[in-house]
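These notes concern the structure reproduced below.
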Amino acid sequence: MLPVLWNSGIKKLTMEPIYLDYNATTPIDPRVVEAIRPYLEKLFGNPSSVHAFGIQAKSAVETARKQVAGLLNARPDEIVFTSGGTESNNYAIKGAAYARRHLGNHIITSSIEHPAVTEVCRYLEQHGFRVTRVGVDEQGMVDPQDVEKAILPETVLISVMHANNETGVIQPVEEIGRMARQRGILFHTDAAQSTGKIPVDVEKMHADLLSVAGHKLYAPKGVGALYIRRGVQ
């Protein structure tokens, strides 16, 4: 950005850049800073410890778990904290694929997924899995009928993002999730870009696995969550 020249004294006035890339990451909300401050400064106990410091930390973790569950219309015991969206996607896709390998080795995803999903699928292809990548229309939308046509007897997992990180297009995950549930196929959705911006309801989505990235909704970097529906291995 070019400096603005002020009078003949060539005094440079620099202009502050305006941040517009909130799809990439968000700043930490001041209310979040205040909420976590006590646990950074004084209440630093290990939540697995049985002494007072640990009990206080454990209580905070469980409160946070309930809050995340409430955001997703899930139950607290269905929320697993991770380091972010990438770990959540890896945990969900690899975990589901290997847990259900005795049922089949076929995975369906879309051609516009975030690298945190596409790279996992590429990894699994190198380890005996087959991956079908469903295309999108001119609006960047996945057609549920294309997903249905891609289903094979060996299909064990479908992973389609909720909202695209580049275009913002919201995918028809409710219809895709319903289709997967009816066929006994696990459904995962990467909701990193949508959670906290539009309603995210795991029940309406028929989601078995759903990934959340904290830094996309004003939380610190290095914080994420994975919803795992009860009974899903």
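As shown in the structure tokens, the chain order sets the letters A, B, ...; within each chain, residues go from 1, and ligands are also counted from 1 in the order they appear.
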Checklist entry - as a ChimeraX atom specification, which residues of region 4-232 of chain A does DSSP assign to strand (DSSP E)? => result /A:4-6,11-13,79-82,106-110,130-134,155-159,186-190,209-213,224-228
Could you give me, as JSON lines, every region 116-177 of chain A residue with an atom at most 8 Å from region 80-94 of chain A, plus its closest atom pair and distance in Å to one decimal, counting only C-alpha atoms, rows ordered by chain then number?
{"residue": "A:Ala116", "atom": "CA", "partner": "A:Thr86", "partner_atom": "CA", "distance": 5.1}
{"residue": "A:Val117", "atom": "CA", "partner": "A:Asn89", "partner_atom": "CA", "distance": 6.2}
{"residue": "A:Val120", "atom": "CA", "partner": "A:Asn90", "partner_atom": "CA", "distance": 6.3}
{"residue": "A:Cys121", "atom": "CA", "partner": "A:Ile93", "partner_atom": "CA", "distance": 7.9}
{"residue": "A:Leu124", "atom": "CA", "partner": "A:Lys94", "partner_atom": "CA", "distance": 7.5}
{"residue": "A:Leu157", "atom": "CA", "partner": "A:Ile93", "partner_atom": "CA", "distance": 7.9}
{"residue": "A:Ser159", "atom": "CA", "partner": "A:Ile93", "partner_atom": "CA", "distance": 7.9}
Go ahead and dump the residues you just picked, N, CA, C and O atoms, as an mmCIF file, in the first residue's frame.
data_model
loop_
_atom_site.group_PDB
_atom_site.id
_atom_site.type_symbol
_atom_site.label_atom_id
_atom_site.label_comp_id
_atom_site.auth_asym_id
_atom_site.auth_seq_id
_atom_site.Cartn_x
_atom_site.Cartn_y
_atom_site.Cartn_z
ATOM 1 N N ALA A 116 -8.005 -30.166 4.214
ATOM 2 C CA ALA A 116 -8.045 -30.987 5.420
ATOM 3 C C ALA A 116 -8.877 -32.248 5.212
ATOM 4 O O ALA A 116 -8.761 -33.204 5.980
ATOM 5 N N VAL A 117 -9.719 -32.258 4.173
ATOM 6 C CA VAL A 117 -10.486 -33.445 3.803
ATOM 7 C C VAL A 117 -9.862 -34.136 2.588
ATOM 8 O O VAL A 117 -9.686 -35.356 2.576
ATOM 9 N N VAL A 120 -6.712 -36.133 3.379
ATOM 10 C CA VAL A 120 -7.001 -37.364 4.128
ATOM 11 C C VAL A 120 -7.489 -38.437 3.168
ATOM 12 O O VAL A 120 -7.083 -39.605 3.245
ATOM 13 N N CYS A 121 -8.368 -38.061 2.246
ATOM 14 C CA CYS A 121 -8.892 -39.024 1.279
ATOM 15 C C CYS A 121 -7.774 -39.547 0.371
ATOM 16 O O CYS A 121 -7.730 -40.738 0.046
ATOM 17 N N LEU A 124 -5.892 -42.114 2.293
ATOM 18 C CA LEU A 124 -6.602 -43.389 2.393
ATOM 19 C C LEU A 124 -6.567 -44.157 1.071
ATOM 20 O O LEU A 124 -6.544 -45.394 1.075
ATOM 21 N N LEU A 157 -18.615 -44.410 4.049
ATOM 22 C CA LEU A 157 -18.566 -43.039 4.553
ATOM 23 C C LEU A 157 -18.826 -42.050 3.432
ATOM 24 O O LEU A 157 -18.332 -42.218 2.314
ATOM 25 N N SER A 159 -18.545 -37.803 2.995
ATOM 26 C CA SER A 159 -18.075 -36.569 3.631
ATOM 27 C C SER A 159 -18.278 -35.409 2.668
ATOM 28 O O SER A 159 -17.613 -35.325 1.630
#
Next on the checklist: Neighbouring residues of region 35-37 of chain A were defined as those with any atom within 10 Å, considering only C-alpha atoms; residues of the same chain fewer than 6 positions away were excluded. Please report them as a PyMOL selection string.
Outcome noted: chain A and resi 29+43+60+219-220
Checklist entry - Do you know which residues are at most 7 Å from Thr26 (chain A) counting only C-alpha atoms, after dropping those on the same chain fewer than 5 positions away, and could you put them as a PyMOL selection string? => result chain A and resi 215-218
Go ahead and write the residues just picked, N, CA, C and O atoms, as a compact mmCIF listing (two decimals), in the first residue's frame.
# COMPACT_ATOMS: atom_id res chain seq x y z
N HIS A 215 -11.11 -21.17 15.61
CA HIS A 215 -10.60 -19.87 15.17
C HIS A 215 -11.43 -19.26 14.04
O HIS A 215 -11.22 -18.11 13.66
N LYS A 216 -12.41 -20.02 13.53
CA LYS A 216 -13.31 -19.46 12.53
C LYS A 216 -14.47 -18.70 13.18
O LYS A 216 -15.23 -18.03 12.49
N LEU A 217 -14.63 -18.83 14.50
CA LEU A 217 -15.72 -18.14 15.19
C LEU A 217 -15.25 -17.50 16.49
O LEU A 217 -15.83 -17.68 17.54
N TYR A 218 -14.12 -16.77 16.38
CA TYR A 218 -13.65 -15.87 17.43
C TYR A 218 -13.02 -16.56 18.64
O TYR A 218 -12.86 -15.95 19.68
Item to check | Nearby residues (only C-alpha atoms) at most 6 Å from region 186-198 of chain A, same-chain spacing under 4 positions excluded, as JSON, numbers by chain | outcome: {"A": [157, 158, 159, 160, 161, 162, 163, 165, 177, 207, 208, 209, 210, 211, 212, 213, 217]}
How would the residues just chosen look if you wrote them out with N, CA, C and O atoms as a compact mmCIF listing (two decimals), in the first residue's frame?
# COMPACT_ATOMS: atom_id res chain seq x y z
N LEU A 157 -18.62 -44.41 4.05
CA LEU A 157 -18.57 -43.04 4.55
C LEU A 157 -18.83 -42.05 3.43
O LEU A 157 -18.33 -42.22 2.31
N ILE A 158 -19.63 -41.02 3.75
CA ILE A 158 -19.82 -39.88 2.85
C ILE A 158 -19.39 -38.63 3.62
O ILE A 158 -19.80 -38.42 4.76
N SER A 159 -18.55 -37.80 3.00
CA SER A 159 -18.08 -36.57 3.63
C SER A 159 -18.28 -35.41 2.67
O SER A 159 -17.61 -35.33 1.63
N VAL A 160 -19.21 -34.52 3.01
CA VAL A 160 -19.47 -33.32 2.20
C VAL A 160 -19.53 -32.13 3.15
O VAL A 160 -20.25 -32.15 4.15
N MET A 161 -18.79 -31.08 2.82
CA MET A 161 -18.72 -29.90 3.69
C MET A 161 -20.07 -29.19 3.78
O MET A 161 -20.90 -29.27 2.87
N HIS A 162 -20.28 -28.47 4.89
CA HIS A 162 -21.51 -27.71 5.06
C HIS A 162 -21.48 -26.43 4.25
O HIS A 162 -22.40 -26.14 3.50
N ALA A 163 -20.40 -25.65 4.40
CA ALA A 163 -20.26 -24.41 3.64
C ALA A 163 -18.84 -24.34 3.10
O ALA A 163 -17.88 -24.66 3.80
N ASN A 165 -15.31 -22.91 1.96
CA ASN A 165 -14.44 -21.89 2.53
C ASN A 165 -14.05 -20.80 1.53
O ASN A 165 -13.62 -19.72 1.94
N GLY A 177 -27.30 -36.20 4.25
CA GLY A 177 -27.25 -36.93 5.51
C GLY A 177 -28.41 -37.90 5.66
O GLY A 177 -28.24 -39.03 6.15
N ALA A 207 -26.23 -35.92 10.79
CA ALA A 207 -24.77 -36.08 10.82
C ALA A 207 -24.36 -37.12 11.86
O ALA A 207 -24.90 -37.17 12.96
N ASP A 208 -23.40 -37.93 11.49
CA ASP A 208 -22.77 -38.86 12.43
C ASP A 208 -21.49 -38.27 12.98
O ASP A 208 -21.09 -38.57 14.10
N LEU A 209 -20.84 -37.43 12.17
CA LEU A 209 -19.58 -36.80 12.52
C LEU A 209 -19.59 -35.38 11.97
O LEU A 209 -19.99 -35.17 10.82
N LEU A 210 -19.15 -34.42 12.78
CA LEU A 210 -19.14 -33.02 12.32
C LEU A 210 -17.95 -32.30 12.92
O LEU A 210 -17.69 -32.40 14.12
N SER A 211 -17.23 -31.57 12.07
CA SER A 211 -15.99 -30.91 12.49
C SER A 211 -16.20 -29.42 12.71
O SER A 211 -16.89 -28.75 11.93
N VAL A 212 -15.56 -28.90 13.78
CA VAL A 212 -15.64 -27.49 14.13
C VAL A 212 -14.23 -26.94 14.33
O VAL A 212 -13.38 -27.61 14.94
N ALA A 213 -13.98 -25.74 13.81
CA ALA A 213 -12.70 -25.05 14.01
C ALA A 213 -12.95 -23.79 14.80
O ALA A 213 -13.63 -22.87 14.32
N LEU A 217 -14.63 -18.83 14.50
CA LEU A 217 -15.72 -18.14 15.19
C LEU A 217 -15.25 -17.50 16.49
O LEU A 217 -15.83 -17.68 17.54
Select from region 145-204 of chain A every residue with an atom at most 8 Å from any atom of region 101-104 of chain A, then for each give the shortest pair of atoms and their distance in Å to one decimal, using only C-alpha atoms, rows by chain and rising number, as a Markdown table.
| residue | atom | partner | partner_atom | distance |
| --- | --- | --- | --- | --- |
| A:Pro153 | CA | A:Gly104 | CA | 7.6 |
| A:Glu154 | CA | A:Gly104 | CA | 4.1 |
| A:Thr155 | CA | A:Gly104 | CA | 5.9 |
| A:Val156 | CA | A:Gly104 | CA | 5.9 |
Checklist entry - Closest to Val142 (chain A) among A:Glu16, A:Glu113, A:Glu78, A:Glu119, using only C-alpha atoms? => result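 For Val142 (chain A), the nearest of the given residues is A:Glu113.
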Next on the checklist: Can you tell me, as a VMD selection string, which residues in region 103-226 of chain A count as helix (DSSP H, G or I) by DSSP?
Outcome noted: chain A and resid 115 to 125 144 to 150 173 to 182 202 to 205 214 to 217
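Each of A:Val169, A:Ile185, A:Ala180, A:Val202 was checked against Arg230 (chain A) using only C-alpha atoms; the smallest atom-to-atom distance is that of A:Val202.
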